[in-house]
Amino acid sequence: MNLFYTLLKQAKDENKPVTLREQGPDGSKFYFGYLLDYNDDTISVRAITSQGLPNGILILKSSDLFGVDFDDIYLRRLEIKEANLRKLYADTTVPAMFHIGNCSIEEILEQAKKEEQLIYLSLYQDIGLYGFIRELTDSEFLMEVYNTSGEYDGMSVHLIENVKNINWDDEDTRIVRILWEKQKANR
């Protein structure tokens with residue numbers, strides 16, 4: 001377990017979260033948290049949920065551990081969630097157009113463009129996209145696309161009729177926006 005302990009030490013020294021993979025009677029389980037202590041008998045973590053919320057202290061038997069993940073994309077995203085809980089779970093400010101009712105997809109896309117709102121679009125024929133609406137015509141839209149890490153991922157044109165649904169200011173779009181702002185600040 002020398003490599004396990006090397007990675008656990010690094011996580012503790014850097015105060016970064018880890019994923020602990022444990023084999024239990026019901027199969028494998030994953031736990032997330034910040035390392036408190038580890039030795040040949042036990043591993044203790046300040047556990048967090050997949051939403052970044054505190055979840056008590058977890059003590060695992062070292063002998064049940066079969067994997068440790070450190071500094072991967074999922075854990076970096078979890079760190080962002082934990083550091084920005086108030087921002088991520090704040091109540092959504094609802095644009096006035098939603099109170100009027102009977103909004104069309106075109107009007108919502110136009111409002112997203114106007115407000116520089118980062119949105120997630122689910123499309124009928126393709127994958128979903130995070131990004132900003134940059135142009136609209138009667139039948140198409142141009143979107144500046146970002147990946148889940150907030151990194152620029154190109155421009156994409158789609159038909160408005162292919163929009164299945166739109167996520168406006170939800171937890172995931174807020175995380176992508178935080179990561180996008182962080183990327184933008186580092187340029």
# chains A, B, ... in the order shown; residues from 1 in each chain; ligands from 1
>>> select_by_dssp(residues="stretch 101-176 of chain A", states="strand (DSSP E)", output="MDAnalysis selection string")
chainID A and resid 119:123 129:136 140:146 152:159 163:168
>>> select_by_dssp(residues="chain A", states="helix (DSSP H, G or I)", output="PyMOL selection string")
chain A and resi 2-14+62-64+73-83+85-88+96-100+105-115+160-162+171-185
>>> write_last_selection(atoms="C-alpha atoms", output="compact mmCIF listing (two decimals), in the first residue's frame")
# COMPACT_ATOMS: atom_id res chain seq x y z
CA ASN A 2 2.97 2.31 -0.32
CA LEU A 3 1.54 4.06 -3.39
CA PHE A 4 -1.83 4.46 -1.64
CA TYR A 5 -0.11 6.11 1.30
CA THR A 6 1.98 8.33 -0.99
CA LEU A 7 -1.20 9.66 -2.60
CA LEU A 8 -3.01 9.96 0.75
CA LYS A 9 -0.07 11.93 2.16
CA GLN A 10 -0.12 14.30 -0.81
CA ALA A 11 -3.89 14.82 -0.41
CA LYS A 12 -3.47 15.56 3.29
CA ASP A 13 -0.47 17.86 2.76
CA GLU A 14 -2.29 19.83 0.04
CA SER A 62 -7.38 0.31 5.52
CA SER A 63 -7.60 -3.33 4.45
CA ASP A 64 -10.94 -2.64 2.65
CA ILE A 73 -11.67 16.45 -12.91
CA TYR A 74 -14.52 15.16 -10.73
CA LEU A 75 -12.73 16.03 -7.48
CA ARG A 76 -11.68 19.48 -8.73
CA ARG A 77 -15.33 20.11 -9.62
CA LEU A 78 -16.38 18.87 -6.17
CA GLU A 79 -13.90 21.29 -4.61
CA ILE A 80 -15.49 24.15 -6.57
CA LYS A 81 -18.92 23.07 -5.33
CA GLU A 82 -17.77 22.98 -1.72
CA ALA A 83 -16.08 26.40 -1.95
CA LEU A 85 -22.10 26.44 -1.85
CA ARG A 86 -23.92 29.73 -1.27
CA LYS A 87 -23.47 30.81 -4.87
CA LEU A 88 -24.47 27.40 -6.28
CA ALA A 96 -39.56 39.01 -15.80
CA MET A 97 -40.34 37.27 -19.09
CA PHE A 98 -40.99 34.01 -17.21
CA HIS A 99 -43.68 35.69 -15.09
CA ILE A 100 -45.53 36.88 -18.18
CA ILE A 105 -37.83 28.94 -27.11
CA GLU A 106 -36.79 31.80 -29.41
CA GLU A 107 -37.69 34.41 -26.77
CA ILE A 108 -35.81 32.50 -24.08
CA LEU A 109 -32.71 32.20 -26.29
CA GLU A 110 -32.95 35.92 -27.04
CA GLN A 111 -33.18 36.69 -23.32
CA ALA A 112 -30.16 34.45 -22.61
CA LYS A 113 -28.21 36.37 -25.25
CA LYS A 114 -29.32 39.73 -23.85
CA GLU A 115 -28.39 38.80 -20.26
CA ILE A 160 -34.00 26.38 -32.86
CA GLU A 161 -36.56 23.62 -33.46
CA ASN A 162 -33.99 21.06 -32.23
CA GLU A 171 -26.36 24.05 -10.17
CA ASP A 172 -24.48 22.68 -13.18
CA THR A 173 -24.61 25.90 -15.23
CA ARG A 174 -23.49 27.85 -12.15
CA ILE A 175 -20.48 25.55 -11.72
CA VAL A 176 -19.52 25.89 -15.39
CA ARG A 177 -19.87 29.67 -15.09
CA ILE A 178 -17.62 29.75 -11.98
CA LEU A 179 -15.02 27.65 -13.81
CA TRP A 180 -15.37 29.84 -16.93
CA GLU A 181 -14.81 32.98 -14.84
CA LYS A 182 -11.75 31.36 -13.25
CA GLN A 183 -10.37 30.47 -16.73
CA LYS A 184 -11.09 33.99 -17.95
CA ALA A 185 -9.29 35.54 -14.95
>>> residues_around(residues="stretch 126-134 of chain A", least_positions_apart="5", cutoff="7 Å", atoms="only C-alpha atoms", output="JSON, numbers by chain")
{"A": [109, 112, 113, 116, 117, 118, 119, 120, 121, 141, 142, 143, 144, 145, 146, 147]}
>>> atom_distance(atom1="atom CA of A:Pro25", atom2="atom CA of A:Leu53")
26.2 Å
>>> atom_distance(atom1="atom CA of A:Lys61", atom2="atom CA of A:Leu20")
11.1 Å
>>> closest_residue(among="A:Gly67, A:Asn186, A:Gln125, A:Tyr31", to="A:Leu159", atoms="only C-alpha atoms")
A:Gln125
>>> closest_residue(among="A:Glu140, A:Leu35, A:Asp71, A:Lys16", to="A:Ser156", atoms="only C-alpha atoms")
A:Glu140
>>> atom_distance(atom1="atom CA of A:Asp153", atom2="atom CA of A:Tyr89")
26.0 Å
